[in-house]
Amino acid sequence: MTTPPLEEIPCVILCGGKSSRMGEDKSLLPFSSSNTLTQYQYEKLKKLFKNVYLSSKVDKFDFISKDELILDKAEVFSPIAALHSIFTKINSNKVFIITVDTPLVKLESINRIISESNDYDITVAKTERVHNLCGVFKKDKLLALTNKMLEEDFHKVGYLLKQVSTHYVEFSLEEEFINLNEKEEYKRALSIISKGNNSY
């Protein structure tokens with residue numbers, strides 16, 4: 001059962017990657033009954049969050065208002081640059097961040113991550129591997145740190161997690177956190193969705 005939209009924590013979907021392994025902009029690929037993967041994620045997450053934003057290098061979406069777009073103006077394609085632009089724009093101290101290419105993450109799992117975030121600087125999902133960009137991030141500690149990393153031209157999110165208090169929320173279902181980096185993963189996710197599994 002989906003809980004009412006969260007009032008305090010905004011959600012940001014990261015949509016500004018190169019999509020080099022996919023061979024085309026994956027954020028604009030059709031998904032399920034939605035025109036694009038981005039729209040699918042946005043509409044799904046709006047069931048949980050009152051405020052959902054898109055982080056992107058360019059304005060390429062026609063279904064949101066300009067106020068819901070966070071432009072990452074850095075010259076490099078870097079998740080650290082995207083995080084910094086998010087922390088600069090978002091007023092809330094806590095923000096839930098997720099990549100556009102993880103459409104199978106359940107709302108119940110997101111709720112669990114948020115409920116366990118407490119006073120940690122970062123709280124992210126973990127299966128057999130750590131999902132660096134699926135979790136709650138706290139602006140007050142991370143704004144200065146991401147700025148410093150950009151000044152030093154250092155862009156690894158794993159490093160960021162090690163510099164602050166990070167909590168890892170463990171999940172057993174690897175499939176739920178699949179990243180749609182390549183065509184085969186995209187087709188696999190479409191197949192899972194087409195089977196009518198409403199838990200996604």
# chains A, B, ... in the order shown; residues from 1 in each chain; ligands from 1
>>> residues_around(residues="segment 165-176 of chain A", least_positions_apart="4", cutoff="12 Å", atoms="only C-alpha atoms", output="VMD selection string")
chain A and resid 101 to 138 141 to 142 157 to 161 180 185 188 to 189 192 to 193 197 199 to 200
>>> residues_around(residues="segment 38-54 of chain A", least_positions_apart="2", cutoff="8 Å", atoms="only C-alpha atoms", output="list of chain:residue names")
A:Thr2, A:Thr3, A:Pro4, A:Pro5, A:Leu6, A:Glu7, A:Ile9, A:Pro10, A:Cys11, A:Val12, A:Ile13, A:Leu14, A:Cys15, A:Ser27, A:Leu28, A:Phe31, A:Ser32, A:Ser33, A:Ser34, A:Asn35, A:Thr36, A:Ser56, A:Phe63, A:Glu68, A:Leu69, A:Ile70, A:Val100, A:Pro103, A:Leu107
>>> atom_distance(atom1="atom CA of Glu182 of chain A", atom2="atom CA of Ile98 of chain A")
18.1 Å
>>> residues_around(residues="segment 79-83 of chain A", least_positions_apart="3", cutoff="8 Å", atoms="only C-alpha atoms", output="compact mmCIF listing (two decimals) with all heavy atoms, in the first residue's frame")
# COMPACT_ATOMS: atom_id res chain seq x y z
N LEU A 14 17.88 11.61 -11.37
CA LEU A 14 19.05 11.97 -12.17
C LEU A 14 18.86 11.49 -13.61
O LEU A 14 18.75 10.29 -13.86
CB LEU A 14 20.31 11.35 -11.57
CG LEU A 14 20.67 11.76 -10.14
CD1 LEU A 14 21.90 11.00 -9.66
CD2 LEU A 14 20.89 13.26 -10.04
N GLY A 16 20.80 13.00 -16.39
CA GLY A 16 21.76 13.72 -17.21
C GLY A 16 22.97 12.92 -17.67
O GLY A 16 23.96 13.50 -18.11
N SER A 55 16.92 16.17 -12.67
CA SER A 55 18.25 16.76 -12.84
C SER A 55 18.78 16.36 -14.21
O SER A 55 18.83 15.17 -14.54
CB SER A 55 19.19 16.26 -11.74
OG SER A 55 20.53 16.58 -12.04
N SER A 56 19.15 17.35 -15.01
CA SER A 56 19.56 17.07 -16.38
C SER A 56 20.54 18.13 -16.87
O SER A 56 20.61 19.24 -16.33
CB SER A 56 18.32 17.04 -17.29
OG SER A 56 18.69 16.84 -18.64
N ASP A 72 22.11 20.90 -14.52
CA ASP A 72 23.50 20.72 -14.13
C ASP A 72 24.34 21.36 -15.24
O ASP A 72 24.44 20.83 -16.34
CB ASP A 72 23.81 19.22 -13.98
CG ASP A 72 25.30 18.92 -13.98
OD1 ASP A 72 26.09 19.83 -13.71
OD2 ASP A 72 25.65 17.76 -14.26
N ALA A 74 27.60 22.04 -15.28
CA ALA A 74 29.02 21.71 -15.32
C ALA A 74 29.39 21.15 -16.69
O ALA A 74 28.58 20.50 -17.35
CB ALA A 74 29.35 20.69 -14.23
N VAL A 76 31.58 18.83 -17.31
CA VAL A 76 31.80 17.39 -17.24
C VAL A 76 30.48 16.66 -16.96
O VAL A 76 29.57 17.20 -16.35
CB VAL A 76 32.81 17.03 -16.12
CG1 VAL A 76 34.19 17.54 -16.48
CG2 VAL A 76 32.36 17.56 -14.78
N ILE A 86 22.09 20.03 -7.34
CA ILE A 86 20.87 19.72 -6.57
C ILE A 86 20.92 20.37 -5.20
O ILE A 86 19.98 21.04 -4.77
CB ILE A 86 20.69 18.19 -6.44
CG1 ILE A 86 20.34 17.58 -7.80
CG2 ILE A 86 19.61 17.85 -5.41
CD1 ILE A 86 20.50 16.07 -7.86
N PHE A 87 22.06 20.20 -4.50
CA PHE A 87 22.19 20.78 -3.16
C PHE A 87 22.13 22.30 -3.21
O PHE A 87 21.68 22.94 -2.26
CB PHE A 87 23.51 20.34 -2.52
CG PHE A 87 23.65 18.85 -2.34
CD1 PHE A 87 24.88 18.22 -2.49
CD2 PHE A 87 22.55 18.06 -2.05
CE1 PHE A 87 25.02 16.86 -2.33
CE2 PHE A 87 22.67 16.69 -1.90
CZ PHE A 87 23.91 16.08 -2.03
N THR A 146 30.99 18.34 -1.95
CA THR A 146 30.88 18.15 -3.40
C THR A 146 31.55 19.32 -4.14
O THR A 146 32.17 19.11 -5.19
CB THR A 146 29.42 18.03 -3.85
OG1 THR A 146 28.65 19.12 -3.33
CG2 THR A 146 28.82 16.70 -3.39
N MET A 149 35.24 18.58 -4.10
CA MET A 149 35.57 17.50 -5.04
C MET A 149 35.59 18.03 -6.48
O MET A 149 36.46 17.66 -7.27
CB MET A 149 34.56 16.35 -4.91
CG MET A 149 34.71 15.57 -3.61
SD MET A 149 33.44 14.26 -3.42
CE MET A 149 33.95 13.10 -4.72
N LEU A 150 34.67 18.92 -6.81
CA LEU A 150 34.65 19.49 -8.15
C LEU A 150 35.88 20.37 -8.39
O LEU A 150 36.47 20.34 -9.48
CB LEU A 150 33.37 20.30 -8.37
CG LEU A 150 32.06 19.51 -8.47
CD1 LEU A 150 30.87 20.45 -8.53
CD2 LEU A 150 32.08 18.58 -9.68
N HIS A 155 35.55 12.85 -9.06
CA HIS A 155 34.12 12.66 -9.34
C HIS A 155 33.54 11.32 -8.87
O HIS A 155 32.50 10.91 -9.36
CB HIS A 155 33.88 12.82 -10.84
CG HIS A 155 34.34 14.15 -11.36
ND1 HIS A 155 33.58 15.30 -11.26
CD2 HIS A 155 35.50 14.51 -11.96
CE1 HIS A 155 34.24 16.31 -11.80
NE2 HIS A 155 35.41 15.87 -12.22
N LYS A 156 34.19 10.64 -7.96
CA LYS A 156 33.72 9.32 -7.56
C LYS A 156 32.75 9.41 -6.37
O LYS A 156 33.10 9.90 -5.29
CB LYS A 156 34.90 8.42 -7.22
CG LYS A 156 35.84 8.21 -8.40
CD LYS A 156 36.54 6.89 -8.32
CE LYS A 156 37.39 6.63 -9.57
NZ LYS A 156 36.57 6.24 -10.70
N VAL A 157 31.52 8.91 -6.59
CA VAL A 157 30.51 8.95 -5.53
C VAL A 157 30.90 8.03 -4.37
O VAL A 157 30.63 8.33 -3.21
CB VAL A 157 29.12 8.56 -6.08
CG1 VAL A 157 28.07 8.62 -4.99
CG2 VAL A 157 28.72 9.47 -7.23
>>> select_by_dssp(residues="chain A", states="helix (DSSP H, G or I)", output="PyMOL selection string")
chain A and resi 26-28+37-45+66-68+79-89+107-115+139-151+157-163+174-177+183-194
>>> closest_residue(among="A:Ser65, A:Glu24, A:Glu8, A:Glu152", to="Lys94 of chain A", atoms="only C-alpha atoms")
A:Glu8
>>> select_by_dssp(residues="segment 41-142 of chain A", states="strand (DSSP E)", output="list in words")
Val52, Tyr53, Leu54, Ser55, Ser56, Leu69, Ile70, Leu71, Lys94, Val95, Phe96, Ile97, Ile98, Thr99, Ile122, Thr123, Val124, Ala125, Lys126, Val130, His131, Asn132, Leu133, Cys134, Gly135, Val136, Phe137 and Lys138 of chain A
